[in-house]
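Contents: one structure, followed by commentary.
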Amino acid sequence: MPEPEVNVYSNLEEASRAAAQRFELLARQNVATKGLFAAALSGGTTPRRLFELLAEPERAIPWDHTHLFQVDERCVPPTDPQSNYRMIRETLLSRAPIPEANFHRITAEMPARNEAARRYSEEMARILKSNRGEFPRLDLILLGMGPDGHTASLFPGSPALGERKLWVVENFSERLKSWRITLTLPVLNAAAQIIFLVAGDDKADTLRRVLEGSGGEAPLPARLVLPADGGVAWAVDAAAAKLLKSRSRQAS
Ligand code: 6PG
């Protein structure tokens with residue numbers, strides 16, 4: 001398992017540009033070699049700029065052969081300001097020529113959350129041709145990290161963190177007092193490439209604990225993302241990286 005790569009940029013704009021370039025490169029490489037690129041996108045606020053950059057017309061992303069999934073979704077209607085889908089639609093889907101059938105939405109507004117999770121797993125299996133018993137391998141998963149160390153909707157201490165069989169589960173956040181539907185840790189760890197995009201000094205101490213943490217404490221969820229046969233790259237801004245001892249700097 002290779003060590004995570006940590007790249008520090010002067011601000012979120014530069015980190016987003018680097019992540020967009022990597023997305024574009026991976027999309028082109030995967031489509032050239034296997035005819036399909038499958039990526040999962042996080043919600044929250046940090047990736048907004050990255051998604052806008054991906055939608056720029058000069059990018060050579062083969063959208064017709066790119067399938068986009070959601071990493072997680074809040075259990076609200078798709079029109080709600082809290083909806084991750086709504087954010088992805090506003091910043092990317094409404095701006096880039098992405099075929100409607102190539103975006104796969106988590107229908108987290110369904111009252112039967114388990115059923116929404118099951119349907120979403122089936123949708124992933126249909127596109128990624130994964131069999132029961134094996135985890136789907138996404139080419140790229142774009143993740144964020146909350147100040148409490150959660151990633152996707154896998155919160156510290158939450159039962160979903162222990163899921164070893166299912167691909168997608170419902171999960172309740174005690175801190176946020178809200179339900180989410182999320183990809184599970186085995187799916188994150190089956191990916192070919194993970195990119196974490198993290199910005200802001202409110203995340204500096206957590207980032208230090210995730211990347212350089214002492215052995216004493218229970219590992220935070222973001223620290224558990226280590227694909228056995230894949231890479232992890234952190235694209236972080238200087239504010240989030242300010243407490244890291246070791247880091248590689250990108251000229252920006
Ligand atoms: C969500 C996410 C979540 C997010 C982090 C960071 O629905 O909230 O997908 O895992 O990536 O909470 O969120 P920010 O980018 O808003 O800080």
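To be explicit about the labels: the chains of the structure tokens are called A, B, and onward in the order shown, and within each one the residues are counted from 1, while ligands get numbers from 1 in the order they are shown.
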
Requested in this report: For Phe51 (chain A), list every protein, DNA or RNA residue within 8 Å, evaluated using only C-alpha atoms, and leave out those in the same chain fewer than 4 positions away; present the list as a list in words.
Outcome: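 Near neighbours after the sequence-gap exclusion: Ala20, Pro47, Ala55, Ile88, Thr91 and Leu92 of chain A.
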
Report task. Could I get the residue neighbourhood of ligand 1 at 10 Å, counting only C-alpha atoms and all ligand atoms, as number ranges by chain? Result -> A: 41-48, 70-75, 82-85, 142-155, 180-182, 196-200, 202-203, 222

**Report entry** DSSP-assigned strand (DSSP E) among region 22-104 of chain A, expressed as an MDAnalysis selection string
**Finding:** chainID A and resid 37:41 66:70 72:74 103:104

May I have the selected residues written with C-alpha atoms, as a compact mmCIF listing (two decimals), in the first residue's frame?
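Below is the file that was written, part.txt:
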# COMPACT_ATOMS: atom_id res chain seq x y z
CA PHE A 37 -14.39 6.47 -16.49
CA ALA A 38 -16.33 6.18 -13.22
CA ALA A 39 -15.93 8.76 -10.49
CA ALA A 40 -17.79 9.52 -7.26
CA LEU A 41 -18.25 13.11 -6.07
CA THR A 66 -17.79 9.32 -17.94
CA HIS A 67 -20.17 8.10 -15.25
CA LEU A 68 -20.58 10.20 -12.12
CA PHE A 69 -21.81 8.83 -8.79
CA GLN A 70 -22.41 10.47 -5.43
CA ASP A 72 -23.06 10.53 -0.04
CA GLU A 73 -26.30 12.42 0.23
CA ARG A 74 -28.25 14.18 2.93
CA PHE A 103 -25.19 10.89 -13.53
CA HIS A 104 -26.32 8.52 -10.81

Could you give me, as a Markdown table, every region 123-169 of chain A residue with an atom at most 10 Å from region 186-191 of chain A, plus its closest atom pair and distance in Å to one decimal, counting only C-alpha atoms, rows ordered by chain then number?
| residue | atom | partner | partner_atom | distance |
| --- | --- | --- | --- | --- |
| A:Glu134 | CA | A:Ala190 | CA | 9.3 |
| A:Phe135 | CA | A:Val187 | CA | 5.8 |
| A:Pro136 | CA | A:Val187 | CA | 6.4 |
| A:Arg137 | CA | A:Ala191 | CA | 4.9 |
| A:Leu138 | CA | A:Ala191 | CA | 4.8 |
| A:Asp139 | CA | A:Ala191 | CA | 6.0 |
| A:Leu140 | CA | A:Ala191 | CA | 6.4 |
| A:Ile141 | CA | A:Ala191 | CA | 6.9 |
| A:Leu142 | CA | A:Leu188 | CA | 9.8 |
| A:Leu143 | CA | A:Leu188 | CA | 9.4 |
| A:Ala152 | CA | A:Leu188 | CA | 9.1 |
| A:Leu161 | CA | A:Pro186 | CA | 9.5 |
| A:Gly162 | CA | A:Pro186 | CA | 9.6 |
| A:Glu163 | CA | A:Pro186 | CA | 7.9 |
| A:Arg164 | CA | A:Pro186 | CA | 6.4 |
| A:Lys165 | CA | A:Pro186 | CA | 7.8 |
| A:Leu166 | CA | A:Pro186 | CA | 8.4 |
| A:Trp167 | CA | A:Val187 | CA | 6.0 |
| A:Val168 | CA | A:Val187 | CA | 8.3 |

Selection from above, N, CA and C atoms, as an mmCIF file, in the first residue's frame, can you write it?
data_model
loop_
_atom_site.group_PDB
_atom_site.id
_atom_site.type_symbol
_atom_site.label_atom_id
_atom_site.label_comp_id
_atom_site.auth_asym_id
_atom_site.auth_seq_id
_atom_site.Cartn_x
_atom_site.Cartn_y
_atom_site.Cartn_z
ATOM 1 N N GLU A 134 -18.328 -8.874 -4.322
ATOM 2 C CA GLU A 134 -17.099 -8.098 -4.552
ATOM 3 C C GLU A 134 -17.479 -6.615 -4.509
ATOM 4 N N PHE A 135 -16.547 -5.773 -4.129
ATOM 5 C CA PHE A 135 -16.862 -4.350 -4.030
ATOM 6 C C PHE A 135 -16.578 -3.661 -5.363
ATOM 7 N N PRO A 136 -17.398 -2.663 -5.710
ATOM 8 C CA PRO A 136 -17.199 -1.988 -7.004
ATOM 9 C C PRO A 136 -15.925 -1.156 -6.964
ATOM 10 N N ARG A 137 -15.222 -1.131 -8.098
ATOM 11 C CA ARG A 137 -13.969 -0.362 -8.124
ATOM 12 C C ARG A 137 -14.184 0.916 -8.934
ATOM 13 N N LEU A 138 -14.325 2.027 -8.232
ATOM 14 C CA LEU A 138 -14.428 3.317 -8.918
ATOM 15 C C LEU A 138 -13.027 3.762 -9.321
ATOM 16 N N ASP A 139 -12.928 4.429 -10.474
ATOM 17 C CA ASP A 139 -11.613 4.892 -10.930
ATOM 18 C C ASP A 139 -11.107 6.045 -10.059
ATOM 19 N N LEU A 140 -12.059 6.841 -9.568
ATOM 20 C CA LEU A 140 -11.676 7.997 -8.755
ATOM 21 C C LEU A 140 -12.791 8.295 -7.770
ATOM 22 N N ILE A 141 -12.421 8.568 -6.515
ATOM 23 C CA ILE A 141 -13.404 9.062 -5.544
ATOM 24 C C ILE A 141 -12.868 10.378 -4.984
ATOM 25 N N LEU A 142 -13.658 11.423 -5.140
ATOM 26 C CA LEU A 142 -13.284 12.739 -4.598
ATOM 27 C C LEU A 142 -13.910 12.883 -3.226
ATOM 28 N N LEU A 143 -13.078 13.030 -2.210
ATOM 29 C CA LEU A 143 -13.592 13.110 -0.843
ATOM 30 C C LEU A 143 -13.275 14.461 -0.223
ATOM 31 N N ALA A 152 -16.950 11.257 3.546
ATOM 32 C CA ALA A 152 -18.246 10.768 3.052
ATOM 33 C C ALA A 152 -19.250 11.106 4.162
ATOM 34 N N LEU A 161 -19.433 2.982 10.079
ATOM 35 C CA LEU A 161 -17.973 2.814 9.929
ATOM 36 C C LEU A 161 -17.556 1.348 9.996
ATOM 37 N N GLY A 162 -18.380 0.548 10.674
ATOM 38 C CA GLY A 162 -18.036 -0.873 10.848
ATOM 39 C C GLY A 162 -18.620 -1.754 9.753
ATOM 40 N N GLU A 163 -19.313 -1.181 8.775
ATOM 41 C CA GLU A 163 -19.954 -1.992 7.735
ATOM 42 C C GLU A 163 -18.893 -2.689 6.873
ATOM 43 N N ARG A 164 -19.046 -4.004 6.724
ATOM 44 C CA ARG A 164 -18.042 -4.745 5.953
ATOM 45 C C ARG A 164 -18.628 -5.443 4.727
ATOM 46 N N LYS A 165 -19.991 -5.458 4.624
ATOM 47 C CA LYS A 165 -20.604 -6.203 3.514
ATOM 48 C C LYS A 165 -21.313 -5.308 2.506
ATOM 49 N N LEU A 166 -22.101 -4.359 3.022
ATOM 50 C CA LEU A 166 -22.911 -3.538 2.118
ATOM 51 C C LEU A 166 -22.064 -2.453 1.449
ATOM 52 N N TRP A 167 -22.520 -2.025 0.264
ATOM 53 C CA TRP A 167 -21.812 -0.977 -0.475
ATOM 54 C C TRP A 167 -22.263 0.421 -0.055
ATOM 55 N N VAL A 168 -23.574 0.500 0.278
ATOM 56 C CA VAL A 168 -24.197 1.801 0.556
ATOM 57 C C VAL A 168 -25.104 1.618 1.772
#

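Counting only C-alpha atoms, the residue from A:Leu176, A:Leu53, A:Leu26, A:Leu207 that sits nearest to Leu243 (chain A) is A:Leu207.
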
Requested in this report: Could you give me, as a list in words, the residues within 7 Å of region 113-119 of chain A, counting only C-alpha atoms and dropping anything in the same chain fewer than 4 positions from it?
Outcome: Ile106, Thr107, Ala108, Glu123, Val168, Val169, Glu170 and Ile181 of chain A

Query raised in the report: Just asking: which residues within region 48-102 of chain A are helix (DSSP H, G or I) according to DSSP, as a list in words?
Result: Arg48, Arg49, Leu50, Phe51, Glu52, Leu53, Leu54, Trp63, Asp64, His65, Asn84, Tyr85, Arg86, Met87, Ile88, Arg89, Glu90, Thr91, Leu92, Leu93, Glu100, Ala101 and Asn102 of chain A

Convert the current residue selection to file output with C-alpha atoms, as a PDB file, in the first residue's frame.
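Result saved to again.pdb:
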ATOM      1  CA  ARG A  48     -17.843  23.749  -5.475  1.00  0.00           C
ATOM      2  CA  ARG A  49     -14.945  25.460  -7.264  1.00  0.00           C
ATOM      3  CA  LEU A  50     -13.468  22.151  -8.406  1.00  0.00           C
ATOM      4  CA  PHE A  51     -16.793  21.232 -10.025  1.00  0.00           C
ATOM      5  CA  GLU A  52     -17.014  24.627 -11.741  1.00  0.00           C
ATOM      6  CA  LEU A  53     -13.518  24.090 -13.127  1.00  0.00           C
ATOM      7  CA  LEU A  54     -14.468  20.635 -14.414  1.00  0.00           C
ATOM      8  CA  TRP A  63     -18.203  13.217 -20.710  1.00  0.00           C
ATOM      9  CA  ASP A  64     -20.052  10.774 -22.988  1.00  0.00           C
ATOM     10  CA  HIS A  65     -18.004   7.948 -21.488  1.00  0.00           C
ATOM     11  CA  ASN A  84     -25.462  17.526  -2.344  1.00  0.00           C
ATOM     12  CA  TYR A  85     -27.112  16.703  -5.659  1.00  0.00           C
ATOM     13  CA  ARG A  86     -28.389  20.272  -5.903  1.00  0.00           C
ATOM     14  CA  MET A  87     -24.856  21.619  -5.392  1.00  0.00           C
ATOM     15  CA  ILE A  88     -23.425  19.238  -8.009  1.00  0.00           C
ATOM     16  CA  ARG A  89     -26.193  20.174 -10.445  1.00  0.00           C
ATOM     17  CA  GLU A  90     -25.630  23.907  -9.976  1.00  0.00           C
ATOM     18  CA  THR A  91     -21.852  23.784 -10.302  1.00  0.00           C
ATOM     19  CA  LEU A  92     -21.327  20.982 -12.827  1.00  0.00           C
ATOM     20  CA  LEU A  93     -24.299  19.140 -14.338  1.00  0.00           C
ATOM     21  CA  GLU A 100     -28.389  12.716 -18.041  1.00  0.00           C
ATOM     22  CA  ALA A 101     -28.049   8.935 -17.963  1.00  0.00           C
ATOM     23  CA  ASN A 102     -24.401   9.280 -16.896  1.00  0.00           C
TER      24      ASN A 102
END

Query raised in the report: With only C-alpha atoms as the atoms that count, which of A:Arg22, A:Lys242, A:Arg17, A:Lys129 lies nearest to Thr206 (chain A)?
Result: A:Lys242

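CA of Leu224 (chain A) sits 24.2 Å away from CA of Asn131 (chain A).
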